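Take a look at the structure set out below.
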Amino acid sequence: MATPPPIAELRLYDTRRRRVERFEPLVPGQAGVYSCGPTVYAPQHIGNLWSQLFADLVRRALTAAGLDVTHVVNITDVGHLTDDSDDGEDKMELAASRTGTDAGEIAARYTAQWERDRALVGCLPPSVMPRAADHIDDQIAMIQRLEAAGVTYRTDDGLYFDVARFPRYTELAGLDLDHLETTGRVVATTAKRHAADFALWKLSPPGKRRQQEWPSPWGIGFPGWHIECSAMATRYLGAPIDVHTGGVDHIGVHHTNEIAQSEVALAVHPWVRWWMHNEFLDLGGEKMAKSTGNLLVLDDLVAKGYEPMAFRAFFLQSHYRQQRDFSFTALDAAATGHRRLLAHALAARDAGGRSDEARTAALRQRFWAAVADDLNLPRAMAVAWDAARSPELSRADRWSLLADFDAVLGFGLAELPSPEAGGGDGTGDGADPRVDALVAEREAARSARNFAEADRIRDELAAEGIEITDTPAGPRWRRSRP
Ligand code: AMP
Ligand code: ZN
């Protein structure tokens, strides 16, 4: 008989219904997830990566609930304007003209950086990674359906969606349309009937050739930003879809507009069953954003000596619906914890042996219950720590639990290389994962300024004839006597 999936009942928060609900897929055994990906005009910062870690967590949890997940993550390489009122410049074109390069080249460069960074922090590759500029026909076809449905109007500079013709427009974000303009969310322009109306197709400015422009029934131009996600989600997942993710900044404009387009063009409601949004990672108490330059990229962390996976560990410390401020002190703590957890896991993994289900069942149940409870990873991580350290468990028990939990933690524990012989000091004393774990614990105690504990571990090892030397590359150990 096949083993049942670790999560029997997954409960997830839906932004639209504003409550946690038991997840039921549209098609039994399957789930389609669409995640808003990066606009590739500049390096992706760790806030963008945060939203990918969240999307990856959703995907892993759905998989742990026994579903076959198709995860679509788009690349925005055209049409995202510098402001949400359809008046600013196209971010890609602007970056191209500022640097004297080609928009396609810029998109390729930052897409590659984003894919690399995503992989370094343990995000699984998307099932499909469509680019907006490769799906112009799909977007035009969808806009034509909207035009046929009578919810659009033309202006001098393009074709717009008339939000007054879509009564559910305010549903997702709880917007007050009459007072939108005073909130600064959108700005009125003379061309639009209502401040919240949004561009479906923008015409190239008269007399100007854009790098990215296409013929269309409305003239030469480019698609508005929002239509790409509706069109590509439909192309790869059909409609309606199970889950759509993105950052909370998208609730009021981008996702609200995606719903309007998709529900009219596809005649579905609700187009998305679960709208899931991650809260923001801030920097220095301010929003982290490419547009203001208040940001850090993964390479900044690596340059300071952090493992990329430490950032994943940092992400898993808080709930995705909790806003978080980035600090190196907090990252330090996460990095230390991560190193220690790895040392415990490797010591357990390399010891071999058989685990005892009677001893592991309770922790296993607690871990997956935390994940199933709207992705409560802080609680799940606490259980993982119990599994790593509980004196009642054998090493085989620990490995059985941690290997299982790693399906959602995503640290890649099974593939990690074993610690080098003799703690990497080249003496060839022979590997001893238990000693490695103790040395890592001593390091953690030192970082936490718990010197009494650090000294206790050093003495314990010294009693076994093991000497620790602190080097700039970290601690090394060797046996001074057999
Ligand atoms: P963008 O490249 O600006 O379109 O953003 C890509 C994704 O990252 C979107 O889902 C955003 O909501 C998300 N995002 C942007 N900044 C942050 C941040 N500081 N914290 C978390 N998510 C973010
Ligand atoms: Zn999107």
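Residue numbering restarts at 1 in every chain; chains get A, B, ... in the order shown in the structure tokens, and ligands count up from 1 in that same order.
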
Collect all residues with atoms no farther than 10 Å from ligand 1, counting only C-alpha atoms and all ligand atoms, and output them as an MDAnalysis selection string.
-> chainID A and resid 35:55 74:77 80 225 245:251 254 277:283 286:291 294:296 320 323:326

What are the DSSP alpha helix (DSSP H) residues of segment 346-418 of chain A, as an mmCIF file with C-alpha atoms, in the first residue's frame?
```cif
data_model
loop_
_atom_site.group_PDB
_atom_site.id
_atom_site.type_symbol
_atom_site.label_atom_id
_atom_site.label_comp_id
_atom_site.auth_asym_id
_atom_site.auth_seq_id
_atom_site.Cartn_x
_atom_site.Cartn_y
_atom_site.Cartn_z
ATOM 1 C CA LEU A 346 24.726 15.019 9.172
ATOM 2 C CA ALA A 347 25.875 13.298 12.349
ATOM 3 C CA ALA A 348 22.557 11.441 12.433
ATOM 4 C CA ARG A 349 22.533 10.717 8.709
ATOM 5 C CA ASP A 350 26.048 9.329 8.565
ATOM 6 C CA ALA A 351 25.561 7.123 11.621
ATOM 7 C CA GLU A 357 8.406 4.562 14.386
ATOM 8 C CA ALA A 358 7.049 4.365 17.928
ATOM 9 C CA ARG A 359 9.634 6.887 19.102
ATOM 10 C CA THR A 360 9.331 9.281 16.141
ATOM 11 C CA ALA A 361 5.573 9.356 15.482
ATOM 12 C CA ALA A 362 4.690 12.162 17.897
ATOM 13 C CA LEU A 363 7.311 14.592 16.588
ATOM 14 C CA ARG A 364 6.450 13.732 13.004
ATOM 15 C CA GLN A 365 2.802 14.445 13.670
ATOM 16 C CA ARG A 366 3.597 17.772 15.403
ATOM 17 C CA PHE A 367 5.854 18.954 12.596
ATOM 18 C CA TRP A 368 3.393 18.312 9.795
ATOM 19 C CA ALA A 369 0.490 19.688 11.838
ATOM 20 C CA ALA A 370 2.401 22.978 12.140
ATOM 21 C CA VAL A 371 3.067 23.113 8.388
ATOM 22 C CA ALA A 372 -0.571 22.238 7.654
ATOM 23 C CA LEU A 377 7.131 27.301 9.964
ATOM 24 C CA PRO A 378 8.355 28.903 13.202
ATOM 25 C CA ARG A 379 6.419 26.178 15.064
ATOM 26 C CA ALA A 380 7.603 23.489 12.647
ATOM 27 C CA MET A 381 11.236 24.602 13.093
ATOM 28 C CA ALA A 382 10.894 24.235 16.862
ATOM 29 C CA VAL A 383 9.824 20.610 16.302
ATOM 30 C CA ALA A 384 12.775 20.081 13.941
ATOM 31 C CA TRP A 385 15.063 21.249 16.757
ATOM 32 C CA ASP A 386 13.428 18.804 19.158
ATOM 33 C CA ALA A 387 14.063 16.067 16.607
ATOM 34 C CA ALA A 388 17.710 17.103 16.264
ATOM 35 C CA ARG A 389 18.419 17.149 19.992
ATOM 36 C CA ARG A 395 20.580 8.909 15.569
ATOM 37 C CA ALA A 396 18.606 6.830 13.113
ATOM 38 C CA ASP A 397 15.368 8.251 14.581
ATOM 39 C CA ARG A 398 16.718 11.778 14.203
ATOM 40 C CA TRP A 399 17.727 11.240 10.618
ATOM 41 C CA SER A 400 14.399 9.646 9.756
ATOM 42 C CA LEU A 401 12.602 12.741 11.076
ATOM 43 C CA LEU A 402 14.912 15.413 9.681
ATOM 44 C CA ALA A 403 15.069 13.790 6.242
ATOM 45 C CA ASP A 404 11.267 13.746 6.203
ATOM 46 C CA PHE A 405 10.967 17.392 7.370
ATOM 47 C CA ASP A 406 13.469 18.495 4.754
ATOM 48 C CA ALA A 407 10.813 17.993 2.071
ATOM 49 C CA VAL A 408 9.455 21.338 3.203
ATOM 50 C CA LEU A 409 12.478 22.893 4.945
#
```

Min atom-atom distance to Cys123 of chain A from the set A:Arg456, A:His71, A:Arg22, A:Lys192, counting only C-alpha atoms, belongs to A:His71

Find, counting only C-alpha atoms and all ligand atoms, the residue in A:Glu228, A:Asp176, A:Asp56, A:Asp157 that gets nearest to ligand 2.
->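 Smallest separation from ligand 2 among the options: A:Glu228.
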
Compare A:Arg98, A:Arg18, A:Arg131, A:His338 by their minimum atom-to-atom distance to ligand 2, counting only C-alpha atoms and all ligand atoms, and give me the closest one.
-> A:Arg131

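Among the candidate residues A:Ala260, A:Cys229, A:Ala335, A:Ala345, the one lying nearest to Ala437 of chain A is A:Ala345, with distances computed using only C-alpha atoms.
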
Given the choices A:Leu203, A:Met232, A:Leu12, A:Met92, which gets closest to ligand 2 if the distance is worked out from only C-alpha atoms and all ligand atoms?
->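 Of all the options, A:Met232 lies closest to ligand 2.
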
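Distances from A:Thr469, A:Thr256, A:Ser480, A:Gln322 to ligand 2 were compared using only C-alpha atoms and all ligand atoms, and the smallest one belongs to A:Thr256.
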
Which of segment 262-325 of chain A counts as strand (DSSP E or B) under DSSP, as an MDAnalysis selection string please?
-> chainID A and resid 272:278 281:283 286:287 289 294 324:325

Atom CA of Glu213 of chain A to atom CA of Glu105 of chain A, distance in Å rounded to a single decimal = 15.8 Å

Gap from atom CA of Val72 of chain A to atom CA of Pro217 of chain A - Å, one decimal =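 It comes out at 28.4 Å.
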